[in-house]
Amino acid sequence: MRYSNLLSHPDKLLETHVSQVYQIAVKLFEKEKINDRVLKDLLSIIVFSHDIGKSTYFFQEYIRGNRQLKNKPETKHSLLGAVIGFYIMDRYLKSKNLQNPFLLSLAFILPKRHHSDLRDFVEDLILSDEEIKILQKQIESINKEKFKLFFESLKIKNKEILDFNFEDINLYEIQKNLRKTKRSIRKIQREKSLYYYITTVLLFSYLLDGDKSDVILDKNAEILFKEVSFPPNLVQNFIKNQNFEKSEINLLRSKALDEVLGRQIDLNSKIYSLTLPTGMGKTLISFAFALKLSEKLKQEKKVNPKIIYSLPFLSIIEQNFSVFEKVLKENGINPDSKIILKHHYLSDFRYKYEENEFDYDSSRVLVEGWNSQIITTTFIQLFHTLIGYKNKSLRKFHRFTNSIVILDEIQSIPFKYWLVIKEIISHMADKYNFYLIFSTATQPLIFEEKETIPLTQHKKYFEKFNRYRIKFDKKEKTLDDFLKEINLKQEKSYLFIANTVNQAKEIYEFFKDKKPVFLSTHIVPIHRLERIQHLKEKKSKLSVTTQLVEAGVDIDFDVVYRDFAPLDSIIQSAGRCNREGERKQGEVFVVKLLDKNNRLYSSYVYDSTLLQATEDIFIKNEYEENEVLELINQYFKALLERKSMAESYKLLEYLYSLKFSGEREPGQILSIADFKLIEEEANKTDVFIQIDKEAIEVWEEFKKIMQIKDIFDRKKAFDNMKSQFYSYIISVPIKDNTPPVENGFYYVPIENLEDYYDLETGFKVKSEFFMF
C-alpha cells in the first residue's frame with residue numbers, strides 16, 4: 001500500500017494517527033453501548049476532520065523542523081478541521097433529510113477546540129473574513145495527490161460519508177451557514193434541555209480520549225479495552241476473614257450489610273441512598289452494594305460498569321483507597337492500576353498492569369483518563385468533569401456512562417449547587433446507564449425521598465444508637481469565660497473543635513501544660529496525618545482542632561466541645577464522640593463563642609442562614625443521639641425553604657445555552673467556567689516549610705528540577721515528586737509574615753523556622769485579622 005507521507009506527529013503518519021484515533025474513540029462509543037447511529041456517524045466525522053489541517057504545506061514544513069513557521073496562523077490546524085467537519089456534517093444531514101443545527105454546530109466546534117477549552121457556542125460559531133483568507137491559503141497549499149493517498153489509507157468504516165473534494169468547499173457559503181446555525185442555537189437555548197450540554201461534552205470526551213491516548217499510548221492502546229472482572233462477594237469474604245469481635249456496633253454493621261445485600265435490585269431504579277449513623281461502616285457497605293449492582297448489570301445489560309468512589313477530602317481518599325486495596329488482596333486479587341486507581345491533584349502518575357509499569361507519559365494518560373475498574377477520586381475531580389468546560393477534565397466524561405458512582409459524605413456539597421447537580425445526575429441516569437449511591441449519616445435533600453431507593457430502613461439504626469448526648473448552650477460567651485469553666489477529668493478524653501485557626505490556637509495555649517494534640521491546616525500535611533494516626537491509636541486524651549476532623553476521620557473521644565456551626569457540621573463532630581459505643585454515653589457540648597471583638601467565631605466561617613436554621617431547630621437544650629435523624633430532616637427542609645437556588649438556576653441556564661466560558665468577574669457566575677465546587681480562600685498563599693531533614697532533601701530536589709530547561713521535562717520531573725513536595729505545603733495568610741521566595745515559591749528555610757513556624761501550632765500569623 002502506498003502512503004501519503006503526510007505527518008501528524010514527528011514519528012507518525014497522518015493516516016495512521018486518524019485511523020487509530022477513530023479506532024479508540026468509536027470503539028469506546030460502541031463498548032459503552034450508546035445506540036445512536038447519527039451520533040456515531042457524527043463522532044466519525046469529528047475524528048476524521050480534527051487533524052485534517054495538518055495536511056497543509058505549512059504544518060508539514062513545521063513538523064519536519066522548520067521552526068520559523070511555529071505559531072504562524074497558516075500553521076495552525078484546528079480551524080481548517082472545523083470547517084471540513086462542518087461541511088461534511090451538513091452534507092450528511094441533508095442526505096438523511098435531517099435538519100439538526102445543534103449536531104451541525106458540534107462538527108465545527110469540537111474539532112476547533114480539541115486543543116483548548118470549550119467556549120460560548122454562540123460566540124464560537126464564527127468565521128471571519130481574515131480567517132477565510134488564511135484557510136484559502138492553507139487549502140491551496142495542500143498536495144491533493146498526497147491527500148488522496150491519505151484518504152485511501154485510512155482504516156475507517158463507512159468512509160463514503162467522509163469523502164469530499166476541497167474544490168467543492170465554498171468558505172463564504174460556510175460562513176453564511178455558520179451565521180444561520182448560530183441563530184438556530186439561540187433558539188435551542190430557549191428549550192432548557194440538558195441534552196445539548198451532555199451530548200456536547202460526551203462526544204468531546206471521546207475525541208479527546210482517542211486523540212490523547214493514541215499520541216501517547218500508540219501500540220499500547222489495547223490496555224484501554226482490557227476487561228477485568230471480580231466476584232460480587234469481595235466484601236463479605238473480607239469481613240469473614242477479619243474475625244471482628246462481636247460487639248454491639250459490629251453486630252449492627254453486619255445487620256446493615258445483610259439488609260443492603262438482601263435488597264432486590266430493579267435496574268430501572270438508578271438513584272440509591274445509604275443513610276446510617278457515623279461509624280457504621282458505610283464505606284464497605286456501599287462498596288458491597290456497588291459490586292452486587294455491577295454483577296446484575298453484567299448479567300442483564302451485558303456491560304461491565306466502572307465503580308467510581310468519590311469523597312470530599314484527600315485524607316479520606318487515601319484512607320479508603322487502602323481499605324479497598326485490602327479487600328482486593330484478601331480475595332487474592334492483585335490490585336494493579338487496571339483494577340483500582342486513585343486520582344486527585346496530588347496523584348502519582350504510576351500505572352501498573354500485571355507485571356508491567358508504564359512510562360510517565362503513558363501512566364499520566366491512563367490515570368487522568370480513569371482507565372480502571374474502580375476509581376477513587378475527589379468531589380473536585382468528579383463534579384468538575386460532570387459540570388465542566390476544561391479540555392483536561394472533560395476528557396474522562398464518557399467514563400460516567402455505564403458507571404456506578406458512590407458519593408460519600410455528600411453533605412459536603414454546597415447547598416447552592418444542589419439543584420444543578422440533581423438535574424445533571426437525573427439526565428445521566430435517564431440516558432446513559434448512570435447509577436448513583438448517596439452515602440452519609442446526614443442525608444441532604446438533593447433528591448426527595450420518593451426520588452431515591454433507600455438501601456436500609458435507616459430509622460431503626462439511628463434509634464439503636466445512643467452513644468452521645470448533645471447539650472446546646474444558646475448563651476453567648478467569650479472564649480476566655482468558656483475556658484475558665486472547663487474542668488477536665490483525668491479519666492476522660494476530650495476533643496475541642498474550633499471554627500477558626502486563631503480560636504484553636506488560643507484553646508491550645510490554655511491547655512498547653514496538658515500537652516494536647518493540635519490539628520489545623522496551618523500544620524504541614526505530613527505531620528497532620530501523623531497526629532491523626534496518633535489520635536486514632538488513642539495515644540492522647542486531649543486534642544484541639546479545627547473542622548478538618550469532622551468527616552471520615554476515625555477518632556474517638558469521651559467528650560466533644562464544638563463551637564456553634566450548621567447542624568450537619570455539629571452532627572459530624574458528634575460522630576467523634578464515643579464512636580465505637582464502648583462507653584455508656586459520651587457528651588457533646590455545643591457552645592456559642594465570641595472573639596475579643598464580641599463577634600461570634602462562627603460568623604467568620606458559615607452562612608448566617610445555615611446558622612439561624614440550626615438555632616431555630618434546637619428548641620431543646622439537650623438531644624440524645626437517637627433523636628438526631630429527626631433534627632437532620634428538619635434542618636434540610638428548613639434550608640430548602642430559606643436558601644436561594646440562584647446559583648444553580650444561573651448554572652443551568654448556561655448549561656442549556658452552551659455558554660462554557662466567557663467574561664470573568666470574581667464572585668459572579670457568568671458561564672459554566674465559573675462553577676467552583678469549593679471556593680478558593682482569599683488571602684491565602686502556598687508556603688513550603690523546611691521543617692526537617694526530609695523536607696530539606698525534598699526542597700533541594702525541587703530546586704534541581706526548576707533548573708531543567710525543557711518545560712515538559714521539568715513538569716514530568718516535578719510530577720514524580722509532587723506528592724512528597726505537597727506534604728510540606730500549607731496554605732496560609734502571609735501578609736504580615738512573608739517568607740522569602742525562591743524558584744517562584746514561598747518557602748521557610750529551616751534556619752529561619754522559628755520566625756515563621758511553631759512546631760506545635762504551625763504557621764505564625766502575626767495579624768489577628770488574617771487568622772481566620
# chains A, B, ... in the order shown; residues from 1 in each chain; ligands from 1

call {"tool": "select_by_dssp", "arguments": {"residues": "range 248-439 of chain A", "states": "alpha helix (DSSP H)", "output": "JSON, numbers by chain"}}
result
{"A": [248, 249, 250, 251, 252, 253, 254, 255, 256, 257, 258, 259, 260, 261, 282, 283, 284, 285, 286, 287, 288, 289, 290, 291, 292, 293, 294, 295, 296, 297, 298, 299, 300, 301, 314, 315, 316, 317, 318, 319, 320, 321, 322, 323, 324, 325, 326, 327, 328, 329, 330, 360, 361, 362, 363, 364, 365, 366, 367, 368, 379, 380, 381, 382, 383, 384, 385, 386, 391, 392, 393, 394, 418, 419, 420, 421, 422, 423, 424, 425, 426, 427, 428, 429, 430, 431]}

call {"tool": "write_last_selection", "arguments": {"atoms": "C-alpha atoms", "output": "PDB file, in the first residue's frame"}}
result
ATOM      1  CA  GLU A 248     -22.929  -4.440  69.639  1.00  0.00           C
ATOM      2  CA  ILE A 249     -21.805  -2.000  66.923  1.00  0.00           C
ATOM      3  CA  ASN A 250     -20.236  -4.783  64.842  1.00  0.00           C
ATOM      4  CA  LEU A 251     -23.454  -6.786  65.052  1.00  0.00           C
ATOM      5  CA  LEU A 252     -25.366  -3.726  63.803  1.00  0.00           C
ATOM      6  CA  ARG A 253     -22.831  -3.252  60.979  1.00  0.00           C
ATOM      7  CA  SER A 254     -23.326  -6.869  59.983  1.00  0.00           C
ATOM      8  CA  LYS A 255     -27.101  -6.485  60.107  1.00  0.00           C
ATOM      9  CA  ALA A 256     -26.971  -3.360  57.918  1.00  0.00           C
ATOM     10  CA  LEU A 257     -24.736  -5.125  55.384  1.00  0.00           C
ATOM     11  CA  ASP A 258     -27.107  -8.103  55.225  1.00  0.00           C
ATOM     12  CA  GLU A 259     -30.075  -5.773  54.769  1.00  0.00           C
ATOM     13  CA  VAL A 260     -28.415  -3.881  51.914  1.00  0.00           C
ATOM     14  CA  LEU A 261     -27.255  -7.037  50.128  1.00  0.00           C
ATOM     15  CA  LYS A 282     -20.792   2.872  55.137  1.00  0.00           C
ATOM     16  CA  THR A 283     -17.607   2.646  53.029  1.00  0.00           C
ATOM     17  CA  LEU A 284     -17.617  -1.157  52.927  1.00  0.00           C
ATOM     18  CA  ILE A 285     -21.400  -1.448  52.769  1.00  0.00           C
ATOM     19  CA  SER A 286     -21.707   0.930  49.791  1.00  0.00           C
ATOM     20  CA  PHE A 287     -18.841  -0.866  48.039  1.00  0.00           C
ATOM     21  CA  ALA A 288     -20.506  -4.248  48.632  1.00  0.00           C
ATOM     22  CA  PHE A 289     -23.785  -2.994  47.141  1.00  0.00           C
ATOM     23  CA  ALA A 290     -21.958  -1.478  44.148  1.00  0.00           C
ATOM     24  CA  LEU A 291     -20.356  -4.868  43.467  1.00  0.00           C
ATOM     25  CA  LYS A 292     -23.748  -6.588  43.621  1.00  0.00           C
ATOM     26  CA  LEU A 293     -25.277  -3.978  41.307  1.00  0.00           C
ATOM     27  CA  SER A 294     -22.311  -4.353  38.953  1.00  0.00           C
ATOM     28  CA  GLU A 295     -22.849  -8.109  38.735  1.00  0.00           C
ATOM     29  CA  LYS A 296     -26.514  -7.649  37.833  1.00  0.00           C
ATOM     30  CA  LEU A 297     -25.616  -5.114  35.127  1.00  0.00           C
ATOM     31  CA  LYS A 298     -23.101  -7.569  33.667  1.00  0.00           C
ATOM     32  CA  GLN A 299     -25.668 -10.339  33.551  1.00  0.00           C
ATOM     33  CA  GLU A 300     -28.691  -8.401  32.299  1.00  0.00           C
ATOM     34  CA  LYS A 301     -27.304  -5.461  30.313  1.00  0.00           C
ATOM     35  CA  LEU A 314      -7.778  13.927  50.195  1.00  0.00           C
ATOM     36  CA  SER A 315      -7.026  12.431  53.608  1.00  0.00           C
ATOM     37  CA  ILE A 316     -10.112  10.206  53.420  1.00  0.00           C
ATOM     38  CA  ILE A 317      -9.313   9.238  49.817  1.00  0.00           C
ATOM     39  CA  GLU A 318      -6.000   7.741  50.939  1.00  0.00           C
ATOM     40  CA  GLN A 319      -7.651   6.042  53.905  1.00  0.00           C
ATOM     41  CA  ASN A 320     -10.494   4.459  51.919  1.00  0.00           C
ATOM     42  CA  PHE A 321      -8.315   3.566  48.937  1.00  0.00           C
ATOM     43  CA  SER A 322      -6.175   1.474  51.281  1.00  0.00           C
ATOM     44  CA  VAL A 323      -9.353  -0.230  52.588  1.00  0.00           C
ATOM     45  CA  PHE A 324     -10.365  -1.213  49.040  1.00  0.00           C
ATOM     46  CA  GLU A 325      -6.844  -2.493  48.363  1.00  0.00           C
ATOM     47  CA  LYS A 326      -7.047  -4.681  51.476  1.00  0.00           C
ATOM     48  CA  VAL A 327     -10.416  -6.065  50.377  1.00  0.00           C
ATOM     49  CA  LEU A 328      -8.985  -6.992  46.971  1.00  0.00           C
ATOM     50  CA  LYS A 329      -5.827  -8.551  48.392  1.00  0.00           C
ATOM     51  CA  GLU A 330      -7.812 -10.554  50.925  1.00  0.00           C
ATOM     52  CA  TYR A 360       5.448   8.523  32.873  1.00  0.00           C
ATOM     53  CA  ASP A 361       3.603   9.863  29.800  1.00  0.00           C
ATOM     54  CA  SER A 362       1.554   6.694  29.329  1.00  0.00           C
ATOM     55  CA  SER A 363       0.817   6.459  33.051  1.00  0.00           C
ATOM     56  CA  ARG A 364      -0.413  10.040  33.137  1.00  0.00           C
ATOM     57  CA  VAL A 365      -2.770   9.472  30.219  1.00  0.00           C
ATOM     58  CA  LEU A 366      -4.121   6.276  31.782  1.00  0.00           C
ATOM     59  CA  VAL A 367      -4.590   7.750  35.272  1.00  0.00           C
ATOM     60  CA  GLU A 368      -6.121  11.035  34.123  1.00  0.00           C
ATOM     61  CA  PHE A 379     -15.506  15.631  44.567  1.00  0.00           C
ATOM     62  CA  ILE A 380     -13.459  18.268  42.726  1.00  0.00           C
ATOM     63  CA  GLN A 381     -12.380  15.815  40.024  1.00  0.00           C
ATOM     64  CA  LEU A 382     -15.827  14.282  39.712  1.00  0.00           C
ATOM     65  CA  PHE A 383     -18.043  17.357  39.718  1.00  0.00           C
ATOM     66  CA  HIS A 384     -15.732  19.478  37.582  1.00  0.00           C
ATOM     67  CA  THR A 385     -15.992  16.730  34.978  1.00  0.00           C
ATOM     68  CA  LEU A 386     -19.772  16.476  35.249  1.00  0.00           C
ATOM     69  CA  ASN A 391     -10.330  20.075  27.938  1.00  0.00           C
ATOM     70  CA  LYS A 392      -8.355  18.153  30.572  1.00  0.00           C
ATOM     71  CA  SER A 393     -11.375  17.470  32.800  1.00  0.00           C
ATOM     72  CA  LEU A 394     -13.902  16.680  30.077  1.00  0.00           C
ATOM     73  CA  TRP A 418     -27.936  21.005  44.899  1.00  0.00           C
ATOM     74  CA  LEU A 419     -30.383  21.729  42.089  1.00  0.00           C
ATOM     75  CA  VAL A 420     -27.900  21.807  39.216  1.00  0.00           C
ATOM     76  CA  ILE A 421     -26.207  18.616  40.440  1.00  0.00           C
ATOM     77  CA  LYS A 422     -29.579  16.905  40.774  1.00  0.00           C
ATOM     78  CA  GLU A 423     -30.520  17.846  37.199  1.00  0.00           C
ATOM     79  CA  ILE A 424     -27.224  16.619  35.715  1.00  0.00           C
ATOM     80  CA  ILE A 425     -27.363  13.345  37.651  1.00  0.00           C
ATOM     81  CA  SER A 426     -31.004  12.776  36.667  1.00  0.00           C
ATOM     82  CA  HIS A 427     -30.241  13.265  32.982  1.00  0.00           C
ATOM     83  CA  MET A 428     -27.220  10.954  33.089  1.00  0.00           C
ATOM     84  CA  ALA A 429     -29.220   8.308  34.950  1.00  0.00           C
ATOM     85  CA  ASP A 430     -32.069   8.541  32.473  1.00  0.00           C
ATOM     86  CA  LYS A 431     -29.984   8.411  29.291  1.00  0.00           C
TER      87      LYS A 431
END

call {"tool": "residues_around", "arguments": {"residues": "Asp11 in chain A", "least_positions_apart": "3", "cutoff": "10 Å", "atoms": "only C-alpha atoms", "output": "ChimeraX atom specification"}}
result
/A:7-8,14,63-64

call {"tool": "select_by_dssp", "arguments": {"residues": "range 323-529 of chain A", "states": "strand (DSSP E or B)", "output": "ChimeraX atom specification"}}
result
/A:340-343,352-353,356-357,374-378,403-408,434-440,453-454,468-478,494-497,517-519

call {"tool": "write_last_selection", "arguments": {"atoms": "C-alpha atoms", "output": "CSV table (one decimal), in the first residue's frame"}}
result
chain,number,residue,atom,x,y,z
A,340,ILE,CA,-8.1,0.2,41.0
A,341,LEU,CA,-6.6,3.6,40.9
A,342,LYS,CA,-6.8,6.9,42.7
A,343,HIS,CA,-6.9,10.2,41.0
A,352,LYS,CA,1.0,-0.8,36.7
A,353,TYR,CA,-0.8,-3.6,34.8
A,356,ASN,CA,4.4,-4.0,33.7
A,357,GLU,CA,4.8,-0.4,34.8
A,374,ILE,CA,-12.6,1.0,40.4
A,375,ILE,CA,-11.7,4.7,40.6
A,376,THR,CA,-11.3,6.6,43.9
A,377,THR,CA,-11.3,10.3,43.4
A,378,THR,CA,-12.3,13.7,44.9
A,403,SER,CA,-21.0,3.5,35.8
A,404,ILE,CA,-21.8,3.2,39.5
A,405,VAL,CA,-20.9,6.3,41.4
A,406,ILE,CA,-20.7,6.3,45.2
A,407,LEU,CA,-20.8,9.8,46.7
A,408,ASP,CA,-19.6,9.6,50.3
A,434,PHE,CA,-25.5,6.0,35.3
A,435,TYR,CA,-26.2,4.7,38.8
A,436,LEU,CA,-25.7,6.7,42.0
A,437,ILE,CA,-25.3,5.8,45.6
A,438,PHE,CA,-25.5,8.6,48.1
A,439,SER,CA,-23.8,7.6,51.4
A,440,THR,CA,-23.8,9.7,54.5
A,453,ILE,CA,-34.3,4.0,46.7
A,454,PRO,CA,-33.3,3.7,50.3
A,468,TYR,CA,-23.8,10.5,73.0
A,469,ARG,CA,-26.0,13.3,74.2
A,470,ILE,CA,-25.8,16.8,72.6
A,471,LYS,CA,-26.1,19.7,75.0
A,472,PHE,CA,-26.6,23.1,73.4
A,473,ASP,CA,-25.9,26.3,75.3
A,474,LYS,CA,-27.5,29.2,73.5
A,475,LYS,CA,-26.0,31.8,75.7
A,476,GLU,CA,-23.1,33.6,74.0
A,477,LYS,CA,-19.9,33.8,76.0
A,478,THR,CA,-16.3,34.9,75.4
A,494,TYR,CA,-11.6,15.5,75.3
A,495,LEU,CA,-11.8,16.9,71.8
A,496,PHE,CA,-12.2,20.7,71.2
A,497,ILE,CA,-13.4,21.6,67.7
A,517,VAL,CA,-2.6,17.3,70.1
A,518,PHE,CA,-3.1,20.3,67.9
A,519,LEU,CA,-4.6,20.0,64.4

call {"tool": "closest_atom_pairs", "arguments": {"of": "range 523-574 of chain A", "to": "range 722-739 of chain A", "cutoff": "9 Å", "atoms": "only C-alpha atoms", "output": "CSV"}}
result
residue,atom,partner,partner_atom,distance
A:Ile523,CA,A:Ile730,CA,6.9
A:Val524,CA,A:Tyr728,CA,5.1
A:Pro525,CA,A:Ser727,CA,5.1
A:Ile526,CA,A:Ser727,CA,5.0
A:His527,CA,A:Ser727,CA,8.4

call {"tool": "residues_around", "arguments": {"residues": "range 56-59 of chain A", "least_positions_apart": "5", "cutoff": "8 Å", "atoms": "only C-alpha atoms", "output": "VMD selection string"}}
result
chain A and resid 69 74 to 77 138 to 139 141 to 143

call {"tool": "write_last_selection", "arguments": {"atoms": "N, CA and C atoms", "output": "short mmCIF file (atom, residue, chain, number, x, y, z; two decimals), in the first residue's frame"}}
result
data_model
loop_
_atom_site.label_atom_id
_atom_site.label_comp_id
_atom_site.auth_asym_id
_atom_site.auth_seq_id
_atom_site.Cartn_x
_atom_site.Cartn_y
_atom_site.Cartn_z
N LEU A 69 8.02 28.57 11.23
CA LEU A 69 6.57 28.52 11.00
C LEU A 69 5.77 28.33 12.28
N GLU A 74 -0.96 30.27 9.48
CA GLU A 74 -1.09 29.24 8.45
C GLU A 74 -0.73 27.85 8.96
N THR A 75 0.05 27.80 10.03
CA THR A 75 0.49 26.51 10.56
C THR A 75 -0.56 25.87 11.46
N LYS A 76 -1.42 26.67 12.04
CA LYS A 76 -2.46 26.14 12.94
C LYS A 76 -3.44 25.28 12.14
N HIS A 77 -3.93 24.21 12.79
CA HIS A 77 -4.70 23.23 12.02
C HIS A 77 -6.15 23.04 12.45
N GLN A 138 -4.29 27.94 3.12
CA GLN A 138 -3.99 26.58 3.61
C GLN A 138 -4.47 25.53 2.61
N ILE A 139 -5.71 25.68 2.14
CA ILE A 139 -6.29 24.69 1.22
C ILE A 139 -5.49 24.63 -0.08
N SER A 141 -2.45 25.16 -0.42
CA SER A 141 -1.11 24.60 -0.20
C SER A 141 -1.11 23.07 -0.08
N ILE A 142 -2.30 22.47 0.03
CA ILE A 142 -2.36 21.02 0.24
C ILE A 142 -2.05 20.28 -1.05
N ASN A 143 -1.17 19.31 -0.96
CA ASN A 143 -0.83 18.44 -2.08
C ASN A 143 -1.99 17.44 -2.24
#

call {"tool": "residues_around", "arguments": {"residues": "range 565-572 of chain A", "least_positions_apart": "6", "cutoff": "10 Å", "atoms": "only C-alpha atoms", "output": "ChimeraX atom specification"}}
result
/A:277-278,409,411-412,440-444,470,497-499,547,549-553,588-592,601-603,605-615,617-618,625,628-629,631-632,635-636

call {"tool": "write_last_selection", "arguments": {"atoms": "N, CA and C atoms", "output": "tab-separated table (two decimals), in the first residue's frame"}}
result
chain	number	residue	atom	x	y	z
A	277	PRO	N	-25.94	5.83	60.78
A	277	PRO	CA	-25.20	6.64	61.74
A	277	PRO	C	-23.69	6.56	61.50
A	278	THR	N	-22.95	7.56	61.96
A	278	THR	CA	-21.50	7.54	61.82
A	278	THR	C	-20.92	6.30	62.48
A	409	GLU	N	-20.01	11.13	52.08
A	409	GLU	CA	-20.03	12.43	52.77
A	409	GLU	C	-20.64	13.50	51.86
A	411	GLN	N	-23.01	15.42	52.20
A	411	GLN	CA	-23.43	16.67	52.83
A	411	GLN	C	-22.42	17.79	52.62
A	412	SER	N	-21.21	17.45	52.16
A	412	SER	CA	-20.18	18.47	51.92
A	412	SER	C	-20.46	19.31	50.68
A	440	THR	N	-24.13	8.73	53.48
A	440	THR	CA	-23.84	9.72	54.52
A	440	THR	C	-24.66	9.45	55.78
A	441	ALA	N	-24.22	10.03	56.86
A	441	ALA	CA	-25.01	9.97	58.10
A	441	ALA	C	-26.02	11.11	58.14
A	442	THR	N	-25.77	12.16	57.35
A	442	THR	CA	-26.66	13.33	57.33
A	442	THR	C	-27.10	13.56	55.88
A	443	GLN	N	-28.09	12.80	55.46
A	443	GLN	CA	-28.50	12.80	54.06
A	443	GLN	C	-29.18	14.11	53.66
A	444	PRO	N	-28.51	14.94	52.83
A	444	PRO	CA	-29.15	16.18	52.38
A	444	PRO	C	-30.28	15.87	51.41
A	470	ILE	N	-26.21	15.46	73.00
A	470	ILE	CA	-25.83	16.82	72.60
A	470	ILE	C	-26.45	17.81	73.56
A	497	ILE	N	-13.32	21.31	69.13
A	497	ILE	CA	-13.37	21.64	67.70
A	497	ILE	C	-13.73	23.11	67.56
A	498	ALA	N	-12.78	23.87	67.04
A	498	ALA	CA	-12.95	25.32	66.87
A	498	ALA	C	-13.35	25.65	65.44
A	499	ASN	N	-13.83	26.87	65.25
A	499	ASN	CA	-14.23	27.33	63.92
A	499	ASN	C	-13.11	28.00	63.15
A	547	GLN	N	-12.23	22.25	61.99
A	547	GLN	CA	-13.26	21.37	61.44
A	547	GLN	C	-12.70	20.21	60.62
A	549	VAL	N	-11.49	17.49	61.21
A	549	VAL	CA	-11.73	16.12	61.70
A	549	VAL	C	-13.20	15.72	61.58
A	550	GLU	N	-14.03	16.60	61.02
A	550	GLU	CA	-15.47	16.36	61.07
A	550	GLU	C	-15.91	15.12	60.29
A	551	ALA	N	-15.39	14.96	59.09
A	551	ALA	CA	-15.92	13.90	58.23
A	551	ALA	C	-14.87	12.83	57.95
A	552	GLY	N	-15.20	11.59	58.26
A	552	GLY	CA	-14.39	10.46	57.84
A	552	GLY	C	-13.14	10.18	58.64
A	553	VAL	N	-12.81	11.03	59.63
A	553	VAL	CA	-11.62	10.80	60.44
A	553	VAL	C	-12.02	9.94	61.65
A	588	VAL	N	-21.57	15.75	74.06
A	588	VAL	CA	-21.19	16.73	73.03
A	588	VAL	C	-21.77	18.07	73.45
A	589	PHE	N	-20.88	19.01	73.74
A	589	PHE	CA	-21.31	20.35	74.16
A	589	PHE	C	-21.18	21.32	72.98
A	590	VAL	N	-22.28	21.94	72.61
A	590	VAL	CA	-22.27	22.96	71.56
A	590	VAL	C	-22.35	24.32	72.24
A	591	VAL	N	-21.36	25.18	71.96
A	591	VAL	CA	-21.29	26.47	72.64
A	591	VAL	C	-21.17	27.59	71.61
A	592	LYS	N	-21.63	28.77	71.99
A	592	LYS	CA	-21.56	29.93	71.08
A	592	LYS	C	-20.50	30.89	71.62
A	601	TYR	N	-17.35	33.56	66.56
A	601	TYR	CA	-16.38	32.92	65.66
A	601	TYR	C	-17.09	32.26	64.48
A	602	SER	N	-18.25	31.70	64.73
A	602	SER	CA	-18.99	31.00	63.66
A	602	SER	C	-19.32	31.93	62.49
A	603	SER	N	-19.51	33.22	62.78
A	603	SER	CA	-19.90	34.16	61.73
A	603	SER	C	-18.79	34.41	60.72
A	605	VAL	N	-17.04	32.05	59.43
A	605	VAL	CA	-16.86	30.83	58.63
A	605	VAL	C	-18.12	30.42	57.89
A	606	TYR	N	-19.29	30.59	58.52
A	606	TYR	CA	-20.52	29.99	57.98
A	606	TYR	C	-21.56	31.01	57.55
A	607	ASP	N	-22.37	30.61	56.61
A	607	ASP	CA	-23.50	31.39	56.12
A	607	ASP	C	-24.50	31.61	57.25
A	608	SER	N	-24.97	32.84	57.40
A	608	SER	CA	-25.87	33.18	58.50
A	608	SER	C	-27.19	32.41	58.43
A	609	THR	N	-27.65	32.10	57.22
A	609	THR	CA	-28.90	31.34	57.07
A	609	THR	C	-28.76	29.94	57.65
A	610	LEU	N	-27.61	29.31	57.42
A	610	LEU	CA	-27.37	27.97	57.96
A	610	LEU	C	-27.34	28.00	59.48
A	611	LEU	N	-26.69	29.03	60.02
A	611	LEU	CA	-26.60	29.14	61.48
A	611	LEU	C	-27.96	29.40	62.11
A	612	GLN	N	-28.74	30.28	61.48
A	612	GLN	CA	-30.05	30.60	62.03
A	612	GLN	C	-30.98	29.38	61.97
A	613	ALA	N	-30.92	28.64	60.87
A	613	ALA	CA	-31.75	27.43	60.75
A	613	ALA	C	-31.40	26.43	61.84
A	614	THR	N	-30.11	26.32	62.14
A	614	THR	CA	-29.66	25.40	63.19
A	614	THR	C	-30.19	25.84	64.55
A	615	GLU	N	-30.05	27.13	64.82
A	615	GLU	CA	-30.51	27.64	66.12
A	615	GLU	C	-32.02	27.46	66.28
A	617	ILE	N	-33.86	25.15	65.03
A	617	ILE	CA	-34.20	23.74	65.17
A	617	ILE	C	-33.89	23.22	66.58
A	618	PHE	N	-32.86	23.79	67.20
A	618	PHE	CA	-32.52	23.40	68.58
A	618	PHE	C	-33.52	24.05	69.56
A	625	GLU	N	-28.65	10.92	70.88
A	625	GLU	CA	-28.25	10.58	69.50
A	625	GLU	C	-29.43	10.01	68.72
A	628	VAL	N	-31.32	12.44	66.59
A	628	VAL	CA	-30.56	13.22	65.59
A	628	VAL	C	-31.19	13.16	64.21
A	629	LEU	N	-31.68	11.99	63.81
A	629	LEU	CA	-32.23	11.85	62.46
A	629	LEU	C	-33.35	12.84	62.20
A	631	LEU	N	-33.81	15.70	63.72
A	631	LEU	CA	-33.21	17.03	63.65
A	631	LEU	C	-32.65	17.31	62.25
A	632	ILE	N	-31.96	16.32	61.70
A	632	ILE	CA	-31.36	16.47	60.37
A	632	ILE	C	-32.44	16.72	59.32
A	635	TYR	N	-33.74	20.17	59.57
A	635	TYR	CA	-32.73	21.15	59.13
A	635	TYR	C	-32.71	21.29	57.61
A	636	PHE	N	-32.63	20.17	56.92
A	636	PHE	CA	-32.55	20.25	55.45
A	636	PHE	C	-33.85	20.75	54.84

call {"tool": "atom_distance", "arguments": {"atom1": "CA of Leu274 in chain A", "atom2": "CA of Thr456 in chain A"}}
result
6.6 Å

call {"tool": "closest_residue", "arguments": {"among": "A:Ser493, A:Ser78, A:Ser153, A:Ser55", "to": "Ser19 in chain A", "atoms": "only C-alpha atoms"}}
result
A:Ser153

call {"tool": "residues_around", "arguments": {"residues": "Ser4 in chain A", "least_positions_apart": "4", "cutoff": "7 Å", "atoms": "only C-alpha atoms", "output": "VMD selection string"}}
result
chain A and resid 146 to 147 149 to 150

call {"tool": "closest_residue", "arguments": {"among": "A:Ser661, A:Asn220, A:Asn502, A:Gln457", "to": "Leu276 in chain A", "atoms": "only C-alpha atoms"}}
result
A:Gln457

call {"tool": "atom_distance", "arguments": {"atom1": "CA of Val201 in chain A", "atom2": "CA of Arg113 in chain A"}}
result
11.7 Å

call {"tool": "residues_around", "arguments": {"residues": "Phe151 in chain A", "least_positions_apart": "2", "cutoff": "12 Å", "atoms": "only C-alpha atoms", "output": "count of residues only"}}
result
31

call {"tool": "closest_residue", "arguments": {"among": "A:Met721, A:Ile689, A:Leu267, A:Leu127", "to": "Phe86 in chain A", "atoms": "only C-alpha atoms"}}
result
A:Leu127

call {"tool": "residues_around", "arguments": {"residues": "Leu483 in chain A", "least_positions_apart": "5", "cutoff": "12 Å", "atoms": "only C-alpha atoms", "output": "PyMOL selection string"}}
result
chain A and resi 477-478+488+496+503-504+506-511+561+591+593-594

call {"tool": "decode", "arguments": {"residues": "range 543-548 of chain A", "atoms": "C-alpha atoms", "output": "short mmCIF file (atom, residue, chain, number, x, y, z; two decimals), in the first residue's frame"}}
result
data_model
loop_
_atom_site.label_atom_id
_atom_site.label_comp_id
_atom_site.auth_asym_id
_atom_site.auth_seq_id
_atom_site.Cartn_x
_atom_site.Cartn_y
_atom_site.Cartn_z
CA SER A 543 -6.93 17.32 71.26
CA VAL A 544 -7.66 20.79 69.91
CA THR A 545 -8.58 21.02 66.24
CA THR A 546 -10.47 22.89 63.55
CA GLN A 547 -13.26 21.37 61.44
CA LEU A 548 -10.86 19.14 59.49
#
